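What follows is one structure encoded as structure tokens, with my remarks underneath.
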Amino acid sequence: MVLQKIFRAVIMGPPGSGKGTVSARITKSFGLKHISSGDILRGNINAKTGFPRTVFQAEALDDAYSVDTVINLNVPFQTIKQRLTSRWTHLPSGRVYNIDFNPPKVPGFDDVTEEPLVQRDDDTPETVTRRLRAYETQTEPVLEYYRCKGVLQTFSGTETNKIWPHIEAFLHRKLFSINQKVA
């Protein structure tokens with residue numbers, strides 16, 4: 001008989017901090033399933049992406065599910081602003097390019113279809129600045145909520161590739177500890 005415990009982690013961070021990339025790496029490295037808390041609770045709570053955004057939403061998530069850890073991606077806003085304002089998208093496919101570190105072969109055009117790329121409205125400098133300020137204002141109380149519960153772990157840096165090894169090591173320790181308790 002193999003005992004298993006469900007492991008629930010919330011990944012928080014400002015827009016463009018690498019939450020999607022970290023989530024994909026966790027799924028691949030640890031064989032865990034990614035389930036968006038926003039998708040689960042959106043039907044019951046008025047929530048958008050980036051869930052939980054308020055302490056009320058964090059409490060509602062806690063009422064529905066026990067959260068084992070909260071991974072907070074602390075990336076400087078200037079880094080995010082540069083990252084997002086350099087992002088261009090091929091809308092039909094969803095392929096994303098970044099002129100700084102993942103540019104298309106031909107500037108302004110998708111590598112596969114050669115169709116034009118667009119910059120989404122929410123990636124303009126003004127909108128990015130507004131989104132980051134709103135995130136900071138809304139999220140600090142949520143981070144404090146999780147800090148007080150003792151489940152918040154913050155990882156700081158400017159590149160996901162440099163932050164990831166620390167997250168991976170933390171999760172190895174965390175999952176080992178949980179598996180020891182289950183056994």
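Convention: chains lettered A, B, ... in structure tokens order; per-chain residue numbering from 1; ligands numbered from 1 as shown.
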As JSON, numbers by chain, please: every residue in chain A that DSSP puts in strand (DSSP E). {"A": [9, 10, 11, 12, 69, 70, 71, 72, 73, 74, 87, 88, 89, 90, 95, 96, 97, 98, 152, 153, 154, 155, 156]}
Output of the above residues as a short mmCIF file (atom, residue, chain, number, x, y, z; two decimals), in the first residue's frame, restricted to N, CA and C atoms:
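Saved as result.cif:
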data_model
loop_
_atom_site.label_atom_id
_atom_site.label_comp_id
_atom_site.auth_asym_id
_atom_site.auth_seq_id
_atom_site.Cartn_x
_atom_site.Cartn_y
_atom_site.Cartn_z
N ALA A 9 0.12 23.94 -3.18
CA ALA A 9 0.98 25.12 -3.14
C ALA A 9 0.31 26.24 -3.92
N VAL A 10 0.43 27.44 -3.41
CA VAL A 10 -0.04 28.63 -4.11
C VAL A 10 1.21 29.36 -4.58
N ILE A 11 1.22 29.76 -5.84
CA ILE A 11 2.34 30.53 -6.37
C ILE A 11 1.87 31.95 -6.58
N MET A 12 2.55 32.86 -5.90
CA MET A 12 2.18 34.28 -5.99
C MET A 12 3.34 35.07 -6.56
N THR A 69 1.95 25.28 1.25
CA THR A 69 2.98 26.31 1.13
C THR A 69 2.54 27.37 0.13
N VAL A 70 3.07 28.56 0.32
CA VAL A 70 2.84 29.66 -0.61
C VAL A 70 4.22 30.10 -1.10
N ILE A 71 4.43 29.99 -2.39
CA ILE A 71 5.69 30.40 -3.00
C ILE A 71 5.49 31.79 -3.57
N ASN A 72 6.23 32.74 -3.02
CA ASN A 72 6.13 34.12 -3.46
C ASN A 72 7.34 34.46 -4.32
N LEU A 73 7.09 34.86 -5.56
CA LEU A 73 8.15 35.26 -6.46
C LEU A 73 8.36 36.77 -6.33
N ASN A 74 9.45 37.16 -5.75
CA ASN A 74 9.77 38.56 -5.50
C ASN A 74 10.75 39.03 -6.57
N ARG A 87 7.55 42.29 -24.61
CA ARG A 87 6.84 41.07 -25.00
C ARG A 87 5.93 41.34 -26.20
N TRP A 88 6.00 40.45 -27.17
CA TRP A 88 5.16 40.52 -28.36
C TRP A 88 4.53 39.15 -28.58
N THR A 89 3.28 39.13 -29.04
CA THR A 89 2.50 37.90 -29.11
C THR A 89 1.96 37.64 -30.50
N HIS A 90 1.96 36.37 -30.88
CA HIS A 90 1.25 35.94 -32.08
C HIS A 90 -0.12 35.48 -31.58
N ARG A 95 1.81 32.14 -29.19
CA ARG A 95 3.27 32.17 -29.05
C ARG A 95 3.71 33.55 -28.60
N VAL A 96 4.62 33.56 -27.62
CA VAL A 96 5.08 34.82 -27.05
C VAL A 96 6.58 34.96 -27.32
N TYR A 97 6.97 36.13 -27.73
CA TYR A 97 8.37 36.46 -27.97
C TYR A 97 8.76 37.61 -27.06
N ASN A 98 10.03 37.71 -26.77
CA ASN A 98 10.54 38.85 -26.01
C ASN A 98 11.74 39.37 -26.76
N LEU A 152 4.39 30.98 4.11
CA LEU A 152 4.95 31.81 3.04
C LEU A 152 6.45 31.58 2.91
N GLN A 153 6.89 31.34 1.68
CA GLN A 153 8.32 31.23 1.38
C GLN A 153 8.59 32.14 0.19
N THR A 154 9.45 33.14 0.37
CA THR A 154 9.72 34.11 -0.68
C THR A 154 11.04 33.80 -1.37
N PHE A 155 11.03 33.89 -2.69
CA PHE A 155 12.22 33.69 -3.51
C PHE A 155 12.43 34.95 -4.33
N SER A 156 13.61 35.55 -4.18
CA SER A 156 13.89 36.83 -4.83
C SER A 156 14.93 36.67 -5.93
#
Go through range 34-154 of chain A and collect every residue that DSSP, computed from the backbone, puts in helix (DSSP H, G or I); the answer should be as a PyMOL selection string. chain A and resi 37-41+55-64+77-85+121-123+125-149
Nearest to Tyr146 in chain A by atom-to-atom distance, counting only C-alpha atoms, from A:Pro76, A:Arg25, A:Thr158, A:Val67: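 Among A:Pro76, A:Arg25, A:Thr158, A:Val67, it is A:Val67 that comes nearest to Tyr146 in chain A.
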Non-local contacts of Thr124 in chain A (8 Å; only C-alpha atoms; under 4 positions in same chain excluded) as a list in words: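 Contacts, in chain order: Leu84, Thr85, Gln119, Arg120 and Val128 of chain A.
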Given only C-alpha atoms as the basis, pick out the residue of A:Thr113, A:Thr139, A:Ser17, A:Ser29 nearest to Pro165 in chain A.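 That would be A:Ser29, the residue with the smallest distance to Pro165 in chain A.
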What's the 9 Å shell around Val55 in chain A, counting only C-alpha atoms, without same-chain residues fewer than 2 positions away, as a VMD selection string? chain A and resid 52 to 53 57 to 60 138 to 139 141 to 143 145
Determine the nearest neighbour of Ile6 in chain A from the options A:Glu168, A:Glu136, A:Asp68, A:Glu159, counting only C-alpha atoms.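 Using only C-alpha atoms, Ile6 in chain A sits closest to A:Asp68.
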Pairwise distance for CA of Phe30 in chain A and CA of Leu175 in chain A, rounded to one decimal in Å: 9.3 Å
For range 21-23 of chain A, please output as a list of chain:residue names all residues within 9 Å (counting only C-alpha atoms; exclusion window: fewer than 5 positions along the same chain). A:Ile11, A:Lys28, A:His34, A:Thr160, A:Trp164, A:Ile167
Taking only C-alpha atoms into account, which of A:Ser93, A:Gly31, A:Gln82, A:Ile26 comes nearest Ala169 in chain A?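 Ranked by minimum distance to Ala169 in chain A, first place goes to A:Ile26.
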